[in-house]
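Undergrad: One structure coming up, written as structure tokens, with questions to follow.
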Number of protein chains: 4
Amino acid sequence: VRLIESLATTTQLSEIFSDASILRAMLDFEIALAWAEAQLEVIPEAAAEVIATAAKVGTFNPSALAEEAIHSGTPAIVFVKQLTDLVRAKDQAAAGYVHWGATSQDLCDTAFMLLLQKAEQTIDKDLRRLEKALTHVAEEHKGTVMLGRTLMQAAPPITFGLKAAGWAAAVSRSHQRVATSFEKALVLQFGGASGTLAALGGHGLAVSEKLAKQLHLRLPDAPWHTHRDRLAELVCACGVLTGSLGKLARDISLLMQNEVAEVAEPTSSGRGGSSTMPHKHNPVGCTITLSAANRVPGLVSSFLSGMIQEHERGAGGWQAEWAIVSAVIQLTGLAIVSMAEVAEGLTVDVSRMRANIESTRGSIFAERAMVLLGTKLGRDKAHKLLEDAARKSAKEGRRLRDVLEEMEAGTSELASMLQDLEDPNLYLGSAEQFRKRLLASSSLRQEAPSKKS
Amino acid sequence: VRLIESLATTTQLSEIFSDASILRAMLDFEIALAWAEAQLEVIPEAAAEVIATAAKVGTFNPSALAEEAIHSGTPAIVFVKQLTDLVRAKDQAAAGYVHWGATSQDLCDTAFMLLLQKAEQTIDKDLRRLEKALTHVAEEHKGTVMLGRTLMQAAPPITFGLKAAGWAAAVSRSHQRVATSFEKALVLQFGGASGTLAALGGHGLAVSEKLAKQLHLRLPDAPWHTHRDRLAELVCACGVLTGSLGKLARDISLLMQNEVAEVAEPTSSGRGGSSTMPHKHNPVGCTITLSAANRVPGLVSSFLSGMIQEHERGAGGWQAEWAIVSAVIQLTGLAIVSMAEVAEGLTVDVSRMRANIESTRGSIFAERAMVLLGTKLGRDKAHKLLEDAARKSAKEGRRLRDVLEEMEAGTSELASMLQDLEDPNLYLGSAEQFRKRLLASSSLRQEAPSKKS
Amino acid sequence: VRLIESLATTTQLSEIFSDASILRAMLDFEIALAWAEAQLEVIPEAAAEVIATAAKVGTFNPSALAEEAIHSGTPAIVFVKQLTDLVRAKDQAAAGYVHWGATSQDLCDTAFMLLLQKAEQTIDKDLRRLEKALTHVAEEHKGTVMLGRTLMQAAPPITFGLKAAGWAAAVSRSHQRVATSFEKALVLQFGGASGTLAALGGHGLAVSEKLAKQLHLRLPDAPWHTHRDRLAELVCACGVLTGSLGKLARDISLLMQNEVAEVAEPTSSGRGGSSTMPHKHNPVGCTITLSAANRVPGLVSSFLSGMIQEHERGAGGWQAEWAIVSAVIQLTGLAIVSMAEVAEGLTVDVSRMRANIESTRGSIFAERAMVLLGTKLGRDKAHKLLEDAARKSAKEGRRLRDVLEEMEAGTSELASMLQDLEDPNLYLGSAEQFRKRLLASSSLRQEAPSKKS
Amino acid sequence: VRLIESLATTTQLSEIFSDASILRAMLDFEIALAWAEAQLEVIPEAAAEVIATAAKVGTFNPSALAEEAIHSGTPAIVFVKQLTDLVRAKDQAAAGYVHWGATSQDLCDTAFMLLLQKAEQTIDKDLRRLEKALTHVAEEHKGTVMLGRTLMQAAPPITFGLKAAGWAAAVSRSHQRVATSFEKALVLQFGGASGTLAALGGHGLAVSEKLAKQLHLRLPDAPWHTHRDRLAELVCACGVLTGSLGKLARDISLLMQNEVAEVAEPTSSGRGGSSTMPHKHNPVGCTITLSAANRVPGLVSSFLSGMIQEHERGAGGWQAEWAIVSAVIQLTGLAIVSMAEVAEGLTVDVSRMRANIESTRGSIFAERAMVLLGTKLGRDKAHKLLEDAARKSAKEGRRLRDVLEEMEAGTSELASMLQDLEDPNLYLGSAEQFRKRLLASSSLRQEAPSKKS
């Protein structure tokens, strides 16, 4: 991990998009291609054998390749040239069969698919971890009442279980999206110069099939050099997921404010500290997640803009993709891990939740009072009464119920109606039903969303 | 359609998001709500009847509602107030039951869903039209050879049928995405103040079910006031689709350049003209589509950024959605219709396609020459020969074959090998197989993608 | 204002981009053009007179024009055609001189500049209002101490005056940017078909000068049909401004939370209410501003993407600009007005600010304790001591000072050092100097930023 | 340069944002801070001396710092801790004075400013190179006529000199913007925990002044931890510039198409080649520039979204900035260099430009014919005649002039009028005046735009 991207990736994902990993994937493509072509007698088996052993990842100078890429618009050309030289050094005849029938974009796109294959597993694993932790919170706190908050103001009560179930369900829905779009996106790219595999004569499709199978990628209907919609769908799915994770992180960071103090991120050693303020306990996991959620939408936008790729190979749109997609995947993965750590170690202060309800002096039960009094006074009249009472209560800093009783001047019938007005447990409506329904559709409770598990 | 958005919507879609249409949807929600609650005896049936007839769309002043919205952050509050006054004028007791148990966002979100329901049909219909037209082109031109073009330079030949099939398949894949995401997104919003339907006591879920059925919307697991992922998925699906349409439009506008002149948009009366240049035949449909494809990615980005919505009702993210989503839907619909018109009336100049291949003086067959000569000379040597010949041919402006023959000094064997070097039909590889596979997965050939058809 | 954009514009700005206003601007261009050409005897004076009086705004059907625009990629062509017909009806000979030498984009771009001219004045006026209100707050509360808050956690104290001065200065800097970029952007567009004014022979520049003067626009070095950088700079300046306004709105909405309750938006009648919760006092102005700040970045992105306009007139990028720029200007204007209203009527609870400092039990003065004790113990040792004390204090819920005194076991010297540890007024550093410097650079204190005032 | 960003940076800029460079800048900040504080006797001079020599860049493990950053939300905290340990190893007393009075963000922001300082020089130098090359083209080809092209269709002629001058002027205007915004943005960040420099007592401003001078940064009115507008302006200026460079690249890549072939990128060894197509000469510099121009708008959008930073230190927005801004700067720098190389070595085929005009068969002179005939027939009648003639000419593939002469049946007067109709040099209007004006405002002709030159 480099300093400039210190809050933009994880160690694991950063490895997947490292130079060594990219070179490995590029070599894997060339070796598998030669093998597939040899199987179908498109090239001599001997050539395939030389190609398979001529080079190691360490043989290449990735920085030099990257700098050369500027002159040809892709690192593939120099890579193939160097590989060919290595093969030639071992066997002159074999050199002509390196990269046979393929074009630079075949190599780059398929190699990138092999990286995404690995990333998919990391992301899937961490999403399961996050869902599990959130589901646990949602179960544990099914009976914990807390303030609802709308437009950042106090509202009638909810349960923390319902809130956490909402988070879990959103993550679960996006897990499905991400899994589905990975599955659709992980396809072979192999089309040759113009996408017809002309250099392979009649063997194009057969070689493609073998090659795809060898690399554990699906075979698409046709090469997709300038049709990037599958990859776009994956990028978008990550965008939707980080949006939901950003919401989760925003909620938790708001609940962690000193004045609210209802939950807290775990405090493992050093976590959340400050260089100048020994007392600080910062919402670090939430901050990193919000940072990721801030960056991904712009990257999604760039990817979509770049889809306008000309004819059989684009000039500009395609060349931007490696950087965009790898950033999206790494930020997504980082956000997932960060929130998993937060969710797994979340501290919940149930009594503070109660106290914050208390501190609203019953004002959040105005709607409830309206319902209760409406049965007696008629709803229209009750509504007006409550508006006046709420205003008076806010102005004078008194409990809503006291004001109401005063205004209705001691009608003992009304007073008894309002007796348990402020019991939050009596005003939760369908909260528990909703909570259960949300958890029931979770991907954890159903069949595994992705093929691998 | 207003002038400021004259290239941003269609007449049909602009109607769907018009004031009258929004008011209709808002009324429909309130009426259906009252009806559902009356069925379950939550409110008196008499009240539901008054609510159902108290107001007409024309009764409201939409501009006044819109201006009032600034004071409460939503047009819903004034709307409900006015509706309540109208009901009260007819029946004092009924007034208290207007909007019973619902919150402003329930009204706004569900009304918007009703608009999207209509938009979905328009978009589905136009997508079918576009796919049909593209499929027709792909079938008609399966044997039409043309230049492949990579990085905007000539490349080995393809068929126009393959190119059109690529367009058709991309549109078809996005049709599936859009249909699926509409289906997922079209759900009821109904949660009351904090998303628990507390005001309805134990009847929340039952009322929700009736209400959803009445409005032909699916019932979600729970209210989704601050979980916007389903809508995000729809917005993204439109983004991916307009990306693919932008690619199609870019390709066609490039092929329409005077110097290329291989295809042309239809020239219905007035279409594509210029105010100063009587000779012009502008790619108007493509231009409008590219304009839409230029705008949608930024809108997708805004939507995703706005997903970070606080607690039980967001302050800022939600309030931006109507404008964003309605713009995305209208631009998407406009791009579909524009390309459908282009595809249906596309003029194809098959002989010009041939001529443009000719004008490359055989240089695009260098790869093929390499394959042919490689069998005789060895591929490595053939590659080097071709590089020299290609350079010489470009420099001297001569046919590649002539240069090659000269360089190989009259070897009659080689000469005969190169005899039909420049026949594009002999260098199409798997083009026809790919074309067929692409069309075979088209949604038109399969079961209908969306529930309605 | 239409319902779909009810939180996306103001009445005033919405008028500027209305059909009538656009038609007025288009007519103004054509009339001024004819007049300028007549002055230079490029066209007969009689023709200019007919053109000046042939049409009224009301004569045109804007919706029909907008729908026709789809067929030519601009509403200009039909507009010119209809205007020509109206002129011909009055004077056959004059008809040939309508729009003489101009191209559609000249008409559209210049008309749009005329709209921006008006918008600039509205925005400038409202920005002054906002700066004045913020400056007032910053002066009034120069001595009001409150919590600093970093990463949404309590930090050493600041003054509310400093905070408000920071807001004011950011708005002021962006006011300068917006004023400068309006001034640069408000230039004539006049280039004819290819941007050479060829149809005017040698009179091109002279006509341009007259025309620019007539329309109160600057004359650019040359037509700028596909060079949109000046407009881009304006759009960006609005993006930076709304970013700063969003920060202001976020701060205030956080301070308005029930648990914080340090400031409140004004409560004019109906403002900030809720349809279901009579007690609510929502941060409506902040919400609308955050909504605008959420939307503008994506619009900026679209504008910048659209700058890639081909040759002498672009296909796609340009056609998206009216909708993008008018949205940006309206959202910016709305955010300014919203925050001006908030700032002008802001309620500040000085004692609550004190109380929130109190409630941290002195923990925020850990850094200060470190400084104080460091002079005695050495800073390195003091740092370690404070870390332990802060942890203990947080764990046991005790005042930091008490813990410290206990740990240092009654050293009376240390005790006296810490005596006024928790007096926030003694730990404000350069706050007041910074406040003054910020206000001193405000545009209100300097020469007026824009030419008009 | 890493492979994943092989088309996203230059060697020079990649170095500026490398680990070593960041560590150097972080050390420079801490050393300068200690020095400034020692000068003002805030800390002992001896401590400053130890701090200045305790660490070298190579002492730190950047990857470990980056990975630790995840736990505190910034690499600064671990960096300061390690530096303190190194100082303590040399001198226990000095350890307490490391980072004295500063906060993590002071360190990160100021260090980043030091990187931008270097980047500014590289970018300024390369912009000068680009402007010079474009100006040269604009001078050399002042008399070279070529087709105007609007909506990607042939239009009346322009000169290549005018076109190049338009490019040069746009680059020059953005050079000014970038230089101005760098100058505004390069300011010290130094505010301590809450932005008041409280730990420095009354010395805050004095230390700030010394520190700023030492680091060659301007001193802002106040710390700007959550006011990011200056940096936003710089990011936007880069966005506007890459937009203009993208336009330039698009134009050249269009002119390089085989069928147009009017200009070509230079062919240095290996440049623009293809792995499979020896004949290819790809527009590599344009492609890379378009790729950069595709990515920057989304990054600008992310930066603007991230401006909404809470209170005295943001949670999410700020943490995303390093990655965003460094990407923007590197992509901008890459685009500048790429276009400079293209412009310096651009091949122009003047005769092909002529030939492409010829191939329109005079149709682009329809407007001119209208002007010429209008003087005789009246303009209204001439317009109608030309519309018919243009249609006929297009349909029958004949020269416009021939059709016109036939339609007007041999009127010798008209025939003589049309004699030199198709001489492009006679229909260039104000092209040369515009060209001169554009070049005259170039920054190269004026005072140097940036302070350093």
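Residues are named by chain letter and number: chains run A, B, ... in the order of the structure tokens, numbers start at 1 in each chain, and ligands are numbered from 1 in the order shown.
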Select residues of chain D: the criterion is any atom within 6 Å of an atom of chain A, counting only C-alpha atoms; output as an MDAnalysis selection string.

TA: chainID D and resid 1:6 19 63 66 71:73 77 103 271:272 275:276 284 287 290:291 295 298:299 301:302 315:317 319:320 323

Undergrad: Restricting the output to N, CA and C atoms, write the selected residues as an mmCIF file, in the first residue's frame.

TA:
data_model
loop_
_atom_site.group_PDB
_atom_site.id
_atom_site.type_symbol
_atom_site.label_atom_id
_atom_site.label_comp_id
_atom_site.auth_asym_id
_atom_site.auth_seq_id
_atom_site.Cartn_x
_atom_site.Cartn_y
_atom_site.Cartn_z
ATOM 1 N N VAL D 1 6.352 4.260 -11.701
ATOM 2 C CA VAL D 1 4.983 4.120 -12.234
ATOM 3 C C VAL D 1 4.546 2.661 -12.123
ATOM 4 N N ARG D 2 3.366 2.455 -11.561
ATOM 5 C CA ARG D 2 2.867 1.091 -11.449
ATOM 6 C C ARG D 2 2.015 0.733 -12.665
ATOM 7 N N LEU D 3 1.918 -0.557 -12.937
ATOM 8 C CA LEU D 3 1.199 -0.985 -14.130
ATOM 9 C C LEU D 3 -0.255 -0.526 -14.121
ATOM 10 N N ILE D 4 -0.880 -0.599 -12.974
ATOM 11 C CA ILE D 4 -2.314 -0.297 -12.902
ATOM 12 C C ILE D 4 -2.605 1.150 -13.281
ATOM 13 N N GLU D 5 -1.607 2.000 -13.138
ATOM 14 C CA GLU D 5 -1.812 3.399 -13.527
ATOM 15 C C GLU D 5 -0.895 3.766 -14.685
ATOM 16 N N SER D 6 -0.677 2.780 -15.563
ATOM 17 C CA SER D 6 0.319 3.020 -16.603
ATOM 18 C C SER D 6 -0.113 4.108 -17.585
ATOM 19 N N ASP D 19 6.108 7.617 -2.281
ATOM 20 C CA ASP D 19 6.296 7.494 -0.837
ATOM 21 C C ASP D 19 7.450 8.359 -0.350
ATOM 22 N N SER D 63 5.015 1.642 3.603
ATOM 23 C CA SER D 63 3.911 0.705 3.474
ATOM 24 C C SER D 63 3.284 0.424 4.840
ATOM 25 N N ALA D 66 1.228 3.372 5.794
ATOM 26 C CA ALA D 66 -0.033 3.400 5.038
ATOM 27 C C ALA D 66 -1.029 2.415 5.635
ATOM 28 N N HIS D 71 -6.127 2.624 10.922
ATOM 29 C CA HIS D 71 -6.594 2.602 12.310
ATOM 30 C C HIS D 71 -6.803 3.979 12.902
ATOM 31 N N SER D 72 -6.230 4.997 12.267
ATOM 32 C CA SER D 72 -6.418 6.328 12.838
ATOM 33 C C SER D 72 -6.997 7.312 11.822
ATOM 34 N N GLY D 73 -7.191 6.856 10.608
ATOM 35 C CA GLY D 73 -7.799 7.739 9.610
ATOM 36 C C GLY D 73 -6.812 8.687 8.971
ATOM 37 N N ILE D 77 -0.528 10.180 12.266
ATOM 38 C CA ILE D 77 -0.374 9.840 13.683
ATOM 39 C C ILE D 77 0.785 8.868 13.903
ATOM 40 N N THR D 103 -1.661 19.705 14.544
ATOM 41 C CA THR D 103 -2.563 18.559 14.481
ATOM 42 C C THR D 103 -2.234 17.757 13.235
ATOM 43 N N ARG D 271 6.160 4.205 -31.467
ATOM 44 C CA ARG D 271 5.008 4.998 -31.090
ATOM 45 C C ARG D 271 3.808 4.681 -31.967
ATOM 46 N N GLY D 272 2.697 4.396 -31.328
ATOM 47 C CA GLY D 272 1.454 4.227 -32.075
ATOM 48 C C GLY D 272 1.315 2.900 -32.780
ATOM 49 N N SER D 275 0.031 -4.511 -31.617
ATOM 50 C CA SER D 275 0.659 -5.814 -31.434
ATOM 51 C C SER D 275 0.320 -6.763 -32.577
ATOM 52 N N THR D 276 -0.768 -6.516 -33.269
ATOM 53 C CA THR D 276 -1.162 -7.442 -34.331
ATOM 54 C C THR D 276 -1.173 -6.825 -35.710
ATOM 55 N N VAL D 284 -1.841 7.765 -30.444
ATOM 56 C CA VAL D 284 -1.605 7.380 -29.059
ATOM 57 C C VAL D 284 -1.666 8.571 -28.100
ATOM 58 N N THR D 287 -5.173 9.545 -27.666
ATOM 59 C CA THR D 287 -5.901 8.536 -26.902
ATOM 60 C C THR D 287 -5.650 8.699 -25.406
ATOM 61 N N LEU D 290 -7.424 11.789 -24.226
ATOM 62 C CA LEU D 290 -8.862 11.568 -24.102
ATOM 63 C C LEU D 290 -9.179 10.719 -22.877
ATOM 64 N N SER D 291 -8.318 9.759 -22.610
ATOM 65 C CA SER D 291 -8.500 8.928 -21.423
ATOM 66 C C SER D 291 -8.434 9.785 -20.159
ATOM 67 N N ARG D 295 -11.444 10.859 -17.335
ATOM 68 C CA ARG D 295 -11.414 10.563 -15.908
ATOM 69 C C ARG D 295 -11.560 11.787 -15.020
ATOM 70 N N GLY D 298 -15.101 13.187 -13.296
ATOM 71 C CA GLY D 298 -15.600 12.426 -12.149
ATOM 72 C C GLY D 298 -14.808 12.721 -10.885
ATOM 73 N N LEU D 299 -13.522 12.927 -11.043
ATOM 74 C CA LEU D 299 -12.687 13.252 -9.886
ATOM 75 C C LEU D 299 -13.025 14.646 -9.359
ATOM 76 N N SER D 301 -15.888 16.028 -9.565
ATOM 77 C CA SER D 301 -17.170 15.821 -8.891
ATOM 78 C C SER D 301 -16.970 15.265 -7.485
ATOM 79 N N SER D 302 -16.101 14.283 -7.346
ATOM 80 C CA SER D 302 -15.827 13.724 -6.015
ATOM 81 C C SER D 302 -15.251 14.787 -5.088
ATOM 82 N N ALA D 315 -15.265 14.268 8.624
ATOM 83 C CA ALA D 315 -15.189 12.811 8.703
ATOM 84 C C ALA D 315 -15.601 12.223 7.349
ATOM 85 N N GLY D 316 -14.634 12.049 6.461
ATOM 86 C CA GLY D 316 -14.927 11.427 5.177
ATOM 87 C C GLY D 316 -14.470 12.262 3.993
ATOM 88 N N GLY D 317 -14.900 13.509 3.963
ATOM 89 C CA GLY D 317 -14.559 14.360 2.824
ATOM 90 C C GLY D 317 -13.066 14.599 2.722
ATOM 91 N N GLN D 319 -10.548 12.953 4.034
ATOM 92 C CA GLN D 319 -9.726 11.758 3.912
ATOM 93 C C GLN D 319 -9.633 11.256 2.467
ATOM 94 N N ALA D 320 -10.557 11.710 1.622
ATOM 95 C CA ALA D 320 -10.530 11.274 0.220
ATOM 96 C C ALA D 320 -9.647 12.156 -0.652
ATOM 97 N N ALA D 323 -5.937 11.137 -2.569
ATOM 98 C CA ALA D 323 -6.057 10.279 -3.748
ATOM 99 C C ALA D 323 -6.683 11.036 -4.914
#

Undergrad: Within 10 Å of B:Val145, counting only C-alpha atoms, which residues show up once you throw out same-chain ones fewer than 6 positions away? Write them as a PDB file with C-alpha atoms, in the first residue's frame, please.

TA:
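The resulting part-v9.pdb:
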ATOM      1  CA  PRO B 157     -12.546  -6.251 -42.121  1.00  0.00           C
ATOM      2  CA  ILE B 158     -15.723  -7.113 -40.266  1.00  0.00           C
ATOM      3  CA  THR B 159     -19.293  -7.383 -41.432  1.00  0.00           C
ATOM      4  CA  PHE B 160     -21.781  -4.622 -40.853  1.00  0.00           C
ATOM      5  CA  GLY B 161     -24.074  -7.382 -39.650  1.00  0.00           C
ATOM      6  CA  LEU B 162     -21.653  -8.228 -36.850  1.00  0.00           C
ATOM      7  CA  VAL B 350     -22.590  -0.996 -49.178  1.00  0.00           C
ATOM      8  CA  SER B 351     -20.410   0.053 -52.086  1.00  0.00           C
ATOM      9  CA  MET B 353     -17.963   0.359 -47.427  1.00  0.00           C
ATOM     10  CA  ARG B 354     -16.143  -1.664 -50.095  1.00  0.00           C
ATOM     11  CA  ILE B 357     -11.613  -0.986 -47.681  1.00  0.00           C
ATOM     12  CA  PRO B 424     -12.152  -9.284 -47.313  1.00  0.00           C
ATOM     13  CA  ASN B 425     -14.600 -12.163 -47.435  1.00  0.00           C
ATOM     14  CA  LEU B 428     -13.704 -12.650 -41.555  1.00  0.00           C
TER      15      LEU B 428
END

Undergrad: For stretch 83-96 of chain B, find every residue with an atom within 12 Å (counting only C-alpha atoms), except residues of its own chain fewer than 3 positions away, and show them as a ChimeraX atom specification.

TA: /A:370-371,373-375,377-384 /B:23,26-27,30-31,34,38,43-57,59-61,65,76-80,99-101 /C:275-276

Undergrad: One number please: atom CA of C:His141 to atom CA of A:Leu254, in Å, one decimal.

TA: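 Calculated distance between atom CA of C:His141 and atom CA of A:Leu254 is 26.2 Å.
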
Undergrad: Kindly indicate which residue among A:Ala36, A:Met339, A:His225, A:Ala155 lies nearest to A:Arg313, using only C-alpha atoms for the distances.

TA: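 With only C-alpha atoms as the atom set, the closest residue is A:His225.
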
Undergrad: What's around stretch 129-131 of chain A at 7 Å? Count only C-alpha atoms, leave out sequence neighbours fewer than 5 positions away in its own chain, and write the answer as a short mmCIF file (atom, residue, chain, number, x, y, z; two decimals) with C-alpha atoms, in the first residue's frame.

TA:
data_model
loop_
_atom_site.label_atom_id
_atom_site.label_comp_id
_atom_site.auth_asym_id
_atom_site.auth_seq_id
_atom_site.Cartn_x
_atom_site.Cartn_y
_atom_site.Cartn_z
CA ALA A 168 -28.31 -5.50 7.15
CA VAL A 171 -26.10 -4.68 2.55
CA SER A 172 -27.68 -8.01 1.69
CA ILE A 336 -16.85 -3.34 3.59
CA MET A 339 -17.83 -1.44 8.49
CA ALA A 340 -17.41 -5.12 9.33
CA ALA A 343 -20.26 -3.73 13.34
#

Undergrad: May I ask for the distance between atom CA of B:Thr332 and atom CA of B:Asn258, given in Å to one decimal place?

TA: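 These two atoms are separated by 28.6 Å.
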
Undergrad: As a ChimeraX atom specification, please: every residue in stretch 91-288 of chain D that a backbone DSSP assignment puts in alpha helix (DSSP H).

TA: /D:92-95,104-140,160-185,204-214,229-255,284-288

Undergrad: Take the residues from that selection and write them out as a compact mmCIF listing (two decimals), in the first residue's frame, keeping C-alpha atoms.

TA:
# COMPACT_ATOMS: atom_id res chain seq x y z
CA GLN D 92 14.54 12.36 25.81
CA ALA D 93 13.69 16.00 26.51
CA ALA D 94 13.36 16.91 22.83
CA ALA D 95 10.76 14.20 22.21
CA SER D 104 -2.41 15.64 12.03
CA GLN D 105 -4.19 17.61 9.36
CA ASP D 106 -1.67 20.44 9.60
CA LEU D 107 1.01 17.94 8.77
CA CYS D 108 -0.87 16.19 5.97
CA ASP D 109 -2.21 19.32 4.32
CA THR D 110 1.02 21.26 4.43
CA ALA D 111 3.05 18.30 3.24
CA PHE D 112 0.64 17.99 0.35
CA MET D 113 1.09 21.67 -0.44
CA LEU D 114 4.82 21.04 -0.72
CA LEU D 115 4.13 18.33 -3.28
CA LEU D 116 1.83 20.62 -5.22
CA GLN D 117 4.55 23.25 -5.24
CA LYS D 118 6.73 20.88 -7.18
CA ALA D 119 3.93 19.71 -9.42
CA GLU D 120 3.13 23.31 -10.28
CA GLN D 121 6.55 23.80 -11.81
CA THR D 122 6.35 20.68 -13.94
CA ILE D 123 2.92 21.59 -15.17
CA ASP D 124 3.85 25.17 -15.90
CA LYS D 125 6.89 24.11 -17.89
CA ASP D 126 4.96 21.59 -19.97
CA LEU D 127 2.11 24.01 -20.60
CA ARG D 128 4.59 26.51 -22.02
CA ARG D 129 5.94 23.80 -24.27
CA LEU D 130 2.46 22.96 -25.50
CA GLU D 131 1.46 26.56 -26.07
CA LYS D 132 4.63 27.23 -27.98
CA ALA D 133 4.10 24.25 -30.25
CA LEU D 134 0.46 25.13 -30.92
CA THR D 135 1.33 28.76 -31.59
CA HIS D 136 3.94 27.60 -34.06
CA VAL D 137 1.36 25.49 -35.91
CA ALA D 138 -1.06 28.41 -35.86
CA GLU D 139 1.51 30.70 -37.43
CA GLU D 140 2.80 28.23 -39.96
CA PHE D 160 -5.83 25.36 -40.13
CA GLY D 161 -4.09 28.35 -38.57
CA LEU D 162 -7.40 29.55 -37.10
CA LYS D 163 -8.16 26.10 -35.77
CA ALA D 164 -4.75 25.78 -34.13
CA ALA D 165 -5.00 29.30 -32.74
CA GLY D 166 -8.31 28.33 -31.14
CA TRP D 167 -6.58 25.38 -29.49
CA ALA D 168 -3.64 27.54 -28.39
CA ALA D 169 -5.86 30.24 -26.93
CA ALA D 170 -7.94 27.74 -24.97
CA VAL D 171 -4.79 26.20 -23.53
CA SER D 172 -3.48 29.66 -22.74
CA ARG D 173 -6.65 30.70 -20.91
CA SER D 174 -6.49 27.55 -18.84
CA HIS D 175 -2.82 28.08 -18.18
CA GLN D 176 -3.79 31.34 -16.55
CA ARG D 177 -6.49 29.63 -14.54
CA VAL D 178 -4.20 26.87 -13.37
CA ALA D 179 -1.40 29.31 -12.50
CA THR D 180 -3.76 31.59 -10.58
CA SER D 181 -5.39 28.77 -8.70
CA PHE D 182 -2.06 27.17 -7.80
CA GLU D 183 -0.97 30.52 -6.46
CA LYS D 184 -4.14 30.86 -4.38
CA ALA D 185 -4.05 27.26 -3.19
CA GLY D 204 0.20 31.21 17.07
CA LEU D 205 0.28 33.82 14.37
CA ALA D 206 3.98 34.59 14.75
CA VAL D 207 4.91 30.92 14.43
CA SER D 208 2.60 30.60 11.45
CA GLU D 209 4.32 33.47 9.68
CA LYS D 210 7.78 32.05 10.21
CA LEU D 211 6.66 28.58 9.20
CA ALA D 212 4.98 29.78 6.01
CA LYS D 213 8.03 31.79 4.97
CA GLN D 214 10.32 28.84 5.66
CA ASP D 229 -12.42 26.00 -1.68
CA ARG D 230 -8.90 27.01 -2.72
CA LEU D 231 -7.96 23.43 -3.45
CA ALA D 232 -11.33 22.95 -5.13
CA GLU D 233 -10.58 25.86 -7.44
CA LEU D 234 -7.30 24.24 -8.44
CA VAL D 235 -8.96 20.89 -9.08
CA CYS D 236 -11.60 22.65 -11.18
CA ALA D 237 -8.97 24.56 -13.15
CA CYS D 238 -7.37 21.22 -14.02
CA GLY D 239 -10.81 19.96 -15.02
CA VAL D 240 -11.36 22.86 -17.38
CA LEU D 241 -7.88 22.45 -18.85
CA THR D 242 -8.23 18.71 -19.48
CA GLY D 243 -11.61 19.44 -21.07
CA SER D 244 -9.88 21.75 -23.54
CA LEU D 245 -7.08 19.26 -24.10
CA GLY D 246 -9.65 16.55 -24.71
CA LYS D 247 -11.23 18.72 -27.39
CA LEU D 248 -7.83 19.18 -29.01
CA ALA D 249 -7.17 15.44 -28.88
CA ARG D 250 -10.59 14.59 -30.28
CA ASP D 251 -10.07 17.00 -33.18
CA ILE D 252 -6.67 15.55 -34.04
CA SER D 253 -7.80 11.95 -33.71
CA LEU D 254 -10.68 12.72 -36.08
CA LEU D 255 -8.34 14.39 -38.56
CA VAL D 284 -1.61 7.38 -29.06
CA GLY D 285 -1.04 10.84 -27.61
CA CYS D 286 -4.63 11.81 -28.34
CA THR D 287 -5.90 8.54 -26.90
CA ILE D 288 -4.05 9.05 -23.65
